[in-house]
Amino acid sequence: MNGPASRCLHKLLRSKDWRNTKFRTMVSEAFECKSQWEARLSSPIFEKLRMNEYFVELDRKFSNELRGSALDVDIFANNVKNETDAEHMEELLHKLRRTPHTVHTAPSTGHAVVRAMLEHGQVDHLLAMLDDRINYGLFLDNYTQVLALDTFLEKGEEAAAARVASHLMLQEETEPLAVSLGSLAVWRFWSGGMEGWEVDKEAEEEEVIRVRVKMVPNNYTDDHFDLREPDKIIGKTMFYLGGLGNGDVLDKSLMAMGLKLMGREEELGEFVKECGGKSLAVSVVEGLGKVGEGIEGVELDMKVELENAAKATVEKCQEGLINKQVDLYKNWNKSRDDQLQKHYEDMKRSARVESIEQTKKDLKEKEEGLFFFDNFDKLEMEKEEKSRAWLRTFPKKTWGLGPSSYNPKKPRTEESQAKLARWQRRELKRGPPK
């Protein structure tokens, strides 16, 4: 379904009522780790934190003073409570990425960003940030991969789930639970017609001002991060995730369809010969075109089998992933508190040093006032020396020294050169006797 009807349905699914609706998920309710995640808010830093004022302060730090820190952004990201805070968090993450402090970004920051975006329905913004790795530096960890995939799959967001699954391929992730859910996501997206990869593109184009420029064409592509076409991205994701399995019919079927979507016909032909007809699902064989002619596939429902495989992986791996994440939450909270305490101690030390320096300055000025007359001669000599040093900084006068029409210089006579006594000058002034 394309056109206005599709966009209206998409906007309806993005509404708050839809986000608040409860869905059945593949993972259990315990996987959300709500109590352990909310334990971070018990830290004193979050108790009286006013997010609007804090955002203004951080924005001023990054924009004017250029001294915003990764710890500040981490605190903000872990205290997001509404959509406005989520938008501000996105802006701060972009500004942090443009400073040297981005190397100190804590793992808890990206985790908090993903959870906040999912909680407040900012799906489009989350996917955009994940795709723009240079400007945001946002990457999924093992837990958020599963959380995002499970959320999108159970809410019918196959396109969003497939885009998240593609990041498993880009980051070369091997978490079994994420791989299982990612395989289901890309298959659902492909079998559903691969619609909705780009969301609200028309709304974005309205705000774009296009400028024609001449650029040198770059014909090189790394066939990985440079991929832009959905077919090739989904194809490579299928091939990668299928290769991480145990080599059964599901995995080989995913790999074969992945090669088909990537357009690698020669590799696909060799792969089908190696696998044999009984190693691929009938639905995949039918989608291979000429390569699949004459091959007898296995009758099975790929969608159902992938769902069963995902549920089995959830039962097997869920508890271990939960325990690891709970330990990470404790470590992140402790690390954040330790950094805050260290920052507080550094501020106290700086304040004490500044206070001592100010006290020394005040005592010196007071001493100079008390012993002013005793040190008067010394001060006068220093003043004279400073004046001479200042005069030495002037450039030498090399112009207007010789005689000219503007500066006539009369030659000295012998009489003017002779030094007359006072009485002689008086007699010359009176003149001869009358």
# chains A, B, ... in the order shown; residues from 1 in each chain; ligands from 1
$ residues_around --residues "Cys275 of chain A" --least-positions-apart "3" --cutoff "12 Å" --atoms "only C-alpha atoms" --output "MDAnalysis selection string"
chainID A and resid 247:249 251:253 255:256 268:272 278:281 285 292 295:297
$ residues_around --residues "Leu138 of chain A" --least-positions-apart "6" --cutoff "12 Å" --atoms "only C-alpha atoms" --output "list in words"
Glu90, Leu93, His94, Leu96, Arg97, Thr102, Thr105, Ala106, Pro107, Ser108, Thr109, Gly110, His111, Ala112, Val113, Val114, His125, Leu126, Leu127, Ala128, Met129, Leu130, Asp131, Asp132, Thr144, His167 and Gln171 of chain A
$ write_last_selection --atoms "N, CA and C atoms" --output "CSV table (one decimal), in the first residue's frame"
chain,number,residue,atom,x,y,z
A,90,GLU,N,18.5,14.6,21.6
A,90,GLU,CA,19.0,14.4,20.3
A,90,GLU,C,19.9,15.5,19.9
A,93,LEU,N,23.2,15.3,21.9
A,93,LEU,CA,24.1,14.2,21.4
A,93,LEU,C,24.8,14.7,20.1
A,94,HIS,N,24.1,15.4,19.3
A,94,HIS,CA,24.8,15.9,18.0
A,94,HIS,C,25.9,16.9,18.4
A,96,LEU,N,27.6,17.1,21.2
A,96,LEU,CA,28.7,16.4,21.9
A,96,LEU,C,29.6,15.7,20.9
A,97,ARG,N,29.0,15.2,19.8
A,97,ARG,CA,29.7,14.5,18.8
A,97,ARG,C,30.7,15.4,18.1
A,102,THR,N,33.7,13.7,23.0
A,102,THR,CA,32.9,12.6,22.5
A,102,THR,C,33.6,11.3,22.8
A,105,THR,N,32.3,9.5,25.9
A,105,THR,CA,30.9,9.1,26.0
A,105,THR,C,30.8,7.7,26.6
A,106,ALA,N,29.9,7.7,27.6
A,106,ALA,CA,29.7,6.4,28.4
A,106,ALA,C,28.8,5.5,27.6
A,107,PRO,N,29.0,4.1,27.8
A,107,PRO,CA,28.1,3.2,27.2
A,107,PRO,C,26.6,3.4,27.7
A,108,SER,N,26.4,3.9,28.9
A,108,SER,CA,25.1,4.1,29.4
A,108,SER,C,24.4,5.2,28.6
A,109,THR,N,25.1,6.1,28.0
A,109,THR,CA,24.5,7.2,27.2
A,109,THR,C,23.7,6.7,26.0
A,110,GLY,N,24.3,5.9,25.2
A,110,GLY,CA,23.7,5.3,24.0
A,110,GLY,C,22.5,4.4,24.4
A,111,HIS,N,22.7,3.7,25.5
A,111,HIS,CA,21.6,2.8,26.0
A,111,HIS,C,20.4,3.6,26.4
A,112,ALA,N,20.7,4.7,27.1
A,112,ALA,CA,19.6,5.5,27.6
A,112,ALA,C,18.9,6.2,26.4
A,113,VAL,N,19.6,6.6,25.4
A,113,VAL,CA,19.0,7.3,24.3
A,113,VAL,C,18.1,6.3,23.6
A,114,VAL,N,18.5,5.1,23.3
A,114,VAL,CA,17.6,4.1,22.7
A,114,VAL,C,16.4,3.8,23.5
A,125,HIS,N,13.2,9.4,14.6
A,125,HIS,CA,14.4,10.0,15.0
A,125,HIS,C,15.5,9.0,15.5
A,126,LEU,N,15.0,7.9,16.1
A,126,LEU,CA,16.0,6.9,16.5
A,126,LEU,C,16.6,6.2,15.3
A,127,LEU,N,15.8,5.9,14.3
A,127,LEU,CA,16.4,5.3,13.1
A,127,LEU,C,17.3,6.2,12.3
A,128,ALA,N,17.0,7.5,12.3
A,128,ALA,CA,17.8,8.5,11.6
A,128,ALA,C,19.1,8.6,12.4
A,129,MET,N,19.1,8.6,13.7
A,129,MET,CA,20.4,8.7,14.4
A,129,MET,C,21.2,7.5,14.2
A,130,LEU,N,20.6,6.3,14.2
A,130,LEU,CA,21.4,5.1,14.0
A,130,LEU,C,22.1,5.1,12.6
A,131,ASP,N,21.4,5.6,11.6
A,131,ASP,CA,21.9,5.7,10.3
A,131,ASP,C,23.0,6.8,10.2
A,132,ASP,N,22.9,7.8,10.9
A,132,ASP,CA,23.9,8.9,10.9
A,132,ASP,C,24.9,8.7,12.0
A,144,THR,N,19.8,-3.5,23.8
A,144,THR,CA,18.9,-2.6,23.0
A,144,THR,C,18.6,-3.2,21.6
A,167,HIS,N,21.6,-3.1,11.1
A,167,HIS,CA,22.8,-2.7,11.9
A,167,HIS,C,23.5,-3.9,12.6
A,171,GLN,N,27.4,-3.8,12.1
A,171,GLN,CA,28.3,-3.8,13.2
A,171,GLN,C,28.9,-5.2,13.4
$ select_by_dssp --residues "segment 20-257 of chain A" --states "alpha helix (DSSP H)" --output "PyMOL selection string"
chain A and resi 34-38+44-47+51-60+70-77+83-97+107-119+123-131+133-136+142-154+158-170+176-191+201-206+230-243+249-257
$ residues_around --residues "Gly193 of chain A" --least-positions-apart "2" --cutoff "12 Å" --atoms "only C-alpha atoms" --output "number ranges by chain"
A: 1-2, 158-159, 186-191, 195-197, 230-231
$ atom_distance --atom1 "atom CA of Thr359 of chain A" --atom2 "atom CA of Lys378 of chain A"
24.4 Å
$ closest_residue --among "A:Val314, A:Leu259, A:Val80, A:Met238" --to "Leu118 of chain A" --atoms "only C-alpha atoms"
A:Val80
$ residues_around --residues "Ser335 of chain A" --least-positions-apart "4" --cutoff "12 Å" --atoms "only C-alpha atoms" --output "ChimeraX atom specification"
/A:40,43,71,74-75,106-108,328-331,339-342
$ closest_residue --among "A:Gly68, A:Gly287, A:Leu177, A:Asn375" --to "Lys316 of chain A" --atoms "only C-alpha atoms"
A:Leu177
$ residues_around --residues "Asp301 of chain A" --least-positions-apart "5" --cutoff "10 Å" --atoms "only C-alpha atoms" --output "JSON, numbers by chain"
{"A": [250, 281, 282, 283, 306]}
$ write_last_selection --atoms "N, CA and C atoms" --output "short mmCIF file (atom, residue, chain, number, x, y, z; two decimals), in the first residue's frame"
data_model
loop_
_atom_site.label_atom_id
_atom_site.label_comp_id
_atom_site.auth_asym_id
_atom_site.auth_seq_id
_atom_site.Cartn_x
_atom_site.Cartn_y
_atom_site.Cartn_z
N LEU A 250 16.53 -23.13 7.23
CA LEU A 250 16.22 -21.72 7.43
C LEU A 250 17.43 -20.84 7.11
N ALA A 281 14.01 -23.71 1.16
CA ALA A 281 12.56 -23.70 1.25
C ALA A 281 11.95 -23.45 -0.13
N VAL A 282 10.74 -23.97 -0.34
CA VAL A 282 10.07 -23.82 -1.63
C VAL A 282 9.83 -22.35 -1.95
N SER A 283 9.43 -21.57 -0.95
CA SER A 283 9.17 -20.15 -1.19
C SER A 283 10.42 -19.42 -1.64
N LEU A 306 10.73 -19.36 11.47
CA LEU A 306 11.60 -18.35 12.06
C LEU A 306 11.04 -17.84 13.38
#
$ atom_distance --atom1 "atom CA of Gln145 of chain A" --atom2 "atom CA of Val164 of chain A"
7.3 Å
